[in-house]
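Reviewing the structure listed below.
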Amino acid sequence: MRFFERLADRIERADSVVSVGLDPDPDRIPSFLSDADLPRWAFNRRIIDATHEHAACYKPNAAFYEDADGWRALEETVAYAAGKDVPVLLDAKRADIGNTTRQYAEVLERVDAITVNPYMGRDSLQPFLDREDAGVFVLCRTSNPGGSDLQDLELDSGEPLYERVAALADGWNANGNVGLVVGATTPEELAEVRAIVPEIPFLVPGVGAQGGDAEAAVEHGLAAYPGVDVDVGLVNSSRGIVFAGEEAARSDDEATYFGAAGDAAKRLKRRLNRHR
Ligand SMILES: O=C(O)c1cc(=O)[nH]c(=O)n1[C@@H]1O[C@H](COP(=O)(O)O)[C@@H](O)[C@H]1O
């Protein structure tokens, strides 16, 4: 089964397009978990227990796992999410020259999908694109303030670079496995990219902690996919869900802390579903 078919299945079962970002910043892991063997894994396991009913996917960002214990924590996390039948999208923003990128793409043996960076061009993405069953989300218009520095640059044709990336990604989609990353912080660009690629699902980060537009994320982020009954796409929130417990009363109480994460995921799911 292709990634977007598996994702559609999950979206239907959870009635949700929420991507729960697993970004376990070590400085914010609650002190009651600091003695755990792998605090990031202990944290993620509890987050998954609290949120999986509302999760269309989990999106661990590789930056939070790039040390020896981190890789172990990530491995445990991926296996645990799979056990709950929730796809995992590794946010690694990868791509490189041929032999290197072939190694990078090996990670798709262990996760369902990945984010990739188009800056080095098609050959740097080919080994990912060749994995017919995996999802490959190409950065297009990112949510950060500096996203405009390069991505908005106008080409000779008059189009901004991010629009060219969208058009190129359409051409890279022979296997029906390409998605685009377009931030919720730039709703007009979301609409523009959607007009260029009516059939490519988006990963829309930037709602929650970055204050992006959740309604526009749903309106433009989802796309019909051949052979499935629901529109497909993902709207991600990381800190707004996993650290919701910091604001809960008695947040040093484990049940309250992780209950708040579950509530935050459920609230986001309902908010997004109002616009689906
Ligand atoms: O590729 C991404 O997921 C991504 C692209 C982008 O344009 N903006 C963006 O915030 N992200 C990621 O989405 C997550 C957002 O986290 P929060 O701001 O805490 O919801 C982080 O893991 C970011 O790296």
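Just so we're on the same page: first chain in the structure tokens is A, next is B, and so on; residues restart at 1 for each chain, and ligands are numbered from 1 in the order they show up.
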Can you build me a table of stretch 148-214 of chain A residues sitting at most 8 Å from stretch 99-122 of chain A, with the closest atom pair per residue and its distance in Å to one decimal, using only C-alpha atoms, sorted by chain and residue number, as CSV?
```
residue,atom,partner,partner_atom,distance
A:Val165,CA,A:Pro118,CA,7.5
A:Trp172,CA,A:Arg122,CA,7.7
A:Val181,CA,A:Thr115,CA,7.9
```
Using only C-alpha atoms and all ligand atoms, find each residue with an atom at most 7 Å away from ligand 1 and format the answer as a PyMOL selection string. chain A and resi 21+23+61+91+93+115+139+141-144+181-183+205-210+236-240
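Nearest to A:Ile11 of all the residues A:Leu38, A:Gln126, A:Pro145, A:His52 is A:His52, based on only C-alpha atoms.
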Give me, as JSON, numbers by chain, all polymer residues having an atom no more than 12 Å from A:Ala82, counting only C-alpha atoms and skipping those fewer than 2 positions away in the same chain. {"A": [10, 45, 48, 52, 56, 57, 58, 75, 76, 77, 78, 79, 80, 84, 85, 86, 87, 88, 89, 110, 111, 112]}
Include N, CA and C atoms and write out the residues we just selected as a PDB file, in the first residue's frame.
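What ended up in result-v3.pdb:
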```pdb
ATOM      1  N   ARG A  10      -5.613   6.002   7.889  1.00  0.00           N
ATOM      2  CA  ARG A  10      -5.445   6.497   9.266  1.00  0.00           C
ATOM      3  C   ARG A  10      -6.317   7.745   9.512  1.00  0.00           C
ATOM      4  N   ARG A  45       6.706   8.100  24.775  1.00  0.00           N
ATOM      5  CA  ARG A  45       5.760   6.994  24.988  1.00  0.00           C
ATOM      6  C   ARG A  45       4.490   7.509  25.645  1.00  0.00           C
ATOM      7  N   ILE A  48       2.517   9.555  23.160  1.00  0.00           N
ATOM      8  CA  ILE A  48       1.792   8.693  22.209  1.00  0.00           C
ATOM      9  C   ILE A  48       0.572   8.064  22.888  1.00  0.00           C
ATOM     10  N   HIS A  52      -2.627   9.253  20.696  1.00  0.00           N
ATOM     11  CA  HIS A  52      -2.719   8.460  19.456  1.00  0.00           C
ATOM     12  C   HIS A  52      -4.121   8.413  18.863  1.00  0.00           C
ATOM     13  N   ALA A  56      -3.148  11.615  13.117  1.00  0.00           N
ATOM     14  CA  ALA A  56      -3.086  11.026  11.775  1.00  0.00           C
ATOM     15  C   ALA A  56      -1.677  10.540  11.497  1.00  0.00           C
ATOM     16  N   CYS A  57      -0.695  11.191  12.122  1.00  0.00           N
ATOM     17  CA  CYS A  57       0.677  10.704  12.032  1.00  0.00           C
ATOM     18  C   CYS A  57       1.490  11.312  13.174  1.00  0.00           C
ATOM     19  N   TYR A  58       2.656  10.746  13.403  1.00  0.00           N
ATOM     20  CA  TYR A  58       3.646  11.349  14.308  1.00  0.00           C
ATOM     21  C   TYR A  58       4.801  11.844  13.461  1.00  0.00           C
ATOM     22  N   GLU A  75      14.283   5.125  17.835  1.00  0.00           N
ATOM     23  CA  GLU A  75      13.927   3.766  17.408  1.00  0.00           C
ATOM     24  C   GLU A  75      12.744   3.226  18.221  1.00  0.00           C
ATOM     25  N   GLU A  76      12.814   3.407  19.542  1.00  0.00           N
ATOM     26  CA  GLU A  76      11.716   2.952  20.407  1.00  0.00           C
ATOM     27  C   GLU A  76      10.420   3.678  20.047  1.00  0.00           C
ATOM     28  N   THR A  77      10.554   4.966  19.803  1.00  0.00           N
ATOM     29  CA  THR A  77       9.376   5.791  19.504  1.00  0.00           C
ATOM     30  C   THR A  77       8.701   5.331  18.218  1.00  0.00           C
ATOM     31  N   VAL A  78       9.520   5.103  17.186  1.00  0.00           N
ATOM     32  CA  VAL A  78       8.976   4.681  15.886  1.00  0.00           C
ATOM     33  C   VAL A  78       8.250   3.344  16.034  1.00  0.00           C
ATOM     34  N   ALA A  79       8.863   2.406  16.756  1.00  0.00           N
ATOM     35  CA  ALA A  79       8.241   1.090  16.926  1.00  0.00           C
ATOM     36  C   ALA A  79       6.929   1.216  17.714  1.00  0.00           C
ATOM     37  N   TYR A  80       6.924   2.079  18.716  1.00  0.00           N
ATOM     38  CA  TYR A  80       5.727   2.228  19.548  1.00  0.00           C
ATOM     39  C   TYR A  80       4.580   2.862  18.751  1.00  0.00           C
ATOM     40  N   LYS A  84       0.770   1.323  17.501  1.00  0.00           N
ATOM     41  CA  LYS A  84      -0.552   1.971  17.634  1.00  0.00           C
ATOM     42  C   LYS A  84      -1.175   2.207  16.260  1.00  0.00           C
ATOM     43  N   ASP A  85      -0.479   1.716  15.223  1.00  0.00           N
ATOM     44  CA  ASP A  85      -0.994   1.843  13.853  1.00  0.00           C
ATOM     45  C   ASP A  85      -1.021   3.285  13.346  1.00  0.00           C
ATOM     46  N   VAL A  86      -0.100   4.086  13.811  1.00  0.00           N
ATOM     47  CA  VAL A  86      -0.022   5.478  13.366  1.00  0.00           C
ATOM     48  C   VAL A  86       1.254   5.640  12.529  1.00  0.00           C
ATOM     49  N   PRO A  87       1.128   6.142  11.295  1.00  0.00           N
ATOM     50  CA  PRO A  87       2.325   6.323  10.460  1.00  0.00           C
ATOM     51  C   PRO A  87       3.312   7.321  11.081  1.00  0.00           C
ATOM     52  N   VAL A  88       4.590   7.141  10.733  1.00  0.00           N
ATOM     53  CA  VAL A  88       5.634   8.044  11.231  1.00  0.00           C
ATOM     54  C   VAL A  88       6.300   8.762  10.064  1.00  0.00           C
ATOM     55  N   LEU A  89       6.316  10.067  10.164  1.00  0.00           N
ATOM     56  CA  LEU A  89       6.975  10.929   9.176  1.00  0.00           C
ATOM     57  C   LEU A  89       8.212  11.513   9.847  1.00  0.00           C
ATOM     58  N   ARG A 110      12.622   2.193   7.744  1.00  0.00           N
ATOM     59  CA  ARG A 110      12.192   2.181   9.146  1.00  0.00           C
ATOM     60  C   ARG A 110      11.070   3.157   9.469  1.00  0.00           C
ATOM     61  N   VAL A 111      10.861   4.150   8.610  1.00  0.00           N
ATOM     62  CA  VAL A 111       9.750   5.082   8.831  1.00  0.00           C
ATOM     63  C   VAL A 111       8.894   5.134   7.557  1.00  0.00           C
ATOM     64  N   ASP A 112       7.722   5.740   7.666  1.00  0.00           N
ATOM     65  CA  ASP A 112       6.779   5.730   6.548  1.00  0.00           C
ATOM     66  C   ASP A 112       7.019   6.853   5.550  1.00  0.00           C
TER      67      ASP A 112
END
```
Between A:Val204, A:Ala244, A:Leu161, A:Ala73, single out the one closest to A:Thr185, counting only C-alpha atoms.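 That would be A:Val204, the residue with the smallest distance to A:Thr185.
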Point out the residue among A:Pro160, A:Arg274, A:Glu246, A:Leu234 with the least atom-to-atom distance to A:Ser148, counting only C-alpha atoms. A:Pro160
Could you tell me which of A:Lys269, A:Ala217, A:Val193, A:Leu33 comes closest to A:Glu159 if we count only C-alpha atoms?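 Answer, going by the shortest atom-to-atom distance: A:Val193.
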Which residues are near A:Phe243? Cut-off 12 Å, only C-alpha atoms, ignore same chain within fewer than 2 positions. Put them as a PyMOL selection string. chain A and resi 20-30+43-44+46-47+208-209+237-241+245-248+251+256-265
Those of stretch 54-233 of chain A in DSSP alpha helix (DSSP H), formatted as a PyMOL selection string: chain A and resi 68-83+98-105+122-129+147-151+161-171+187-196+214-221
Using C-alpha atoms, can you write the selected residues to a file as a short mmCIF file (atom, residue, chain, number, x, y, z; two decimals), in the first residue's frame?
```cif
data_model
loop_
_atom_site.label_atom_id
_atom_site.label_comp_id
_atom_site.auth_asym_id
_atom_site.auth_seq_id
_atom_site.Cartn_x
_atom_site.Cartn_y
_atom_site.Cartn_z
CA ALA A 68 23.62 8.03 20.85
CA ASP A 69 20.73 7.95 23.33
CA GLY A 70 18.65 9.96 20.91
CA TRP A 71 18.83 7.34 18.16
CA ARG A 72 17.74 4.70 20.68
CA ALA A 73 14.88 6.92 21.82
CA LEU A 74 13.84 7.47 18.21
CA GLU A 75 13.93 3.77 17.41
CA GLU A 76 11.72 2.95 20.41
CA THR A 77 9.38 5.79 19.50
CA VAL A 78 8.98 4.68 15.89
CA ALA A 79 8.24 1.09 16.93
CA TYR A 80 5.73 2.23 19.55
CA ALA A 81 3.87 4.50 17.11
CA ALA A 82 3.77 1.64 14.58
CA GLY A 83 2.28 -0.56 17.31
CA GLY A 98 24.10 10.51 -5.18
CA ASN A 99 25.88 7.96 -2.99
CA THR A 100 25.19 9.96 0.17
CA THR A 101 21.53 10.47 -0.54
CA ARG A 102 21.18 6.76 -1.33
CA GLN A 103 22.29 6.11 2.26
CA TYR A 104 19.95 8.77 3.61
CA ALA A 105 17.04 7.12 1.81
CA ARG A 122 16.22 16.13 -8.60
CA ASP A 123 19.11 13.67 -8.42
CA SER A 124 19.55 14.47 -4.72
CA LEU A 125 15.95 13.34 -4.17
CA GLN A 126 15.75 10.41 -6.59
CA PRO A 127 16.48 7.59 -4.11
CA PHE A 128 13.63 8.89 -1.92
CA LEU A 129 11.27 9.29 -4.89
CA GLY A 147 11.53 31.46 4.55
CA SER A 148 11.15 34.46 2.25
CA ASP A 149 14.92 35.09 1.91
CA LEU A 150 15.37 32.54 -0.88
CA GLN A 151 11.97 30.97 -1.45
CA LEU A 161 11.13 30.19 -6.43
CA TYR A 162 8.68 28.34 -4.15
CA GLU A 163 6.15 28.17 -7.01
CA ARG A 164 8.82 26.65 -9.26
CA VAL A 165 9.57 24.09 -6.56
CA ALA A 166 5.87 23.18 -6.48
CA ALA A 167 5.78 22.75 -10.26
CA LEU A 168 8.98 20.67 -10.20
CA ALA A 169 7.61 18.48 -7.42
CA ASP A 170 4.58 17.76 -9.59
CA GLY A 171 6.98 16.41 -12.21
CA PRO A 187 -1.84 31.50 4.02
CA GLU A 188 -1.72 33.35 0.69
CA GLU A 189 1.19 31.24 -0.43
CA LEU A 190 -0.71 28.14 0.69
CA ALA A 191 -3.53 29.10 -1.67
CA GLU A 192 -1.10 29.89 -4.51
CA VAL A 193 0.73 26.60 -4.22
CA ARG A 194 -2.55 24.69 -4.07
CA ALA A 195 -3.59 26.32 -7.35
CA ILE A 196 -0.38 25.04 -9.01
CA ALA A 214 -5.38 26.65 10.95
CA GLU A 215 -8.38 27.30 8.68
CA ALA A 216 -6.17 28.02 5.65
CA ALA A 217 -4.06 24.99 6.54
CA VAL A 218 -7.08 22.72 6.14
CA GLU A 219 -8.69 24.58 3.26
CA HIS A 220 -5.58 24.41 1.08
CA GLY A 221 -3.52 21.63 2.66
#
```
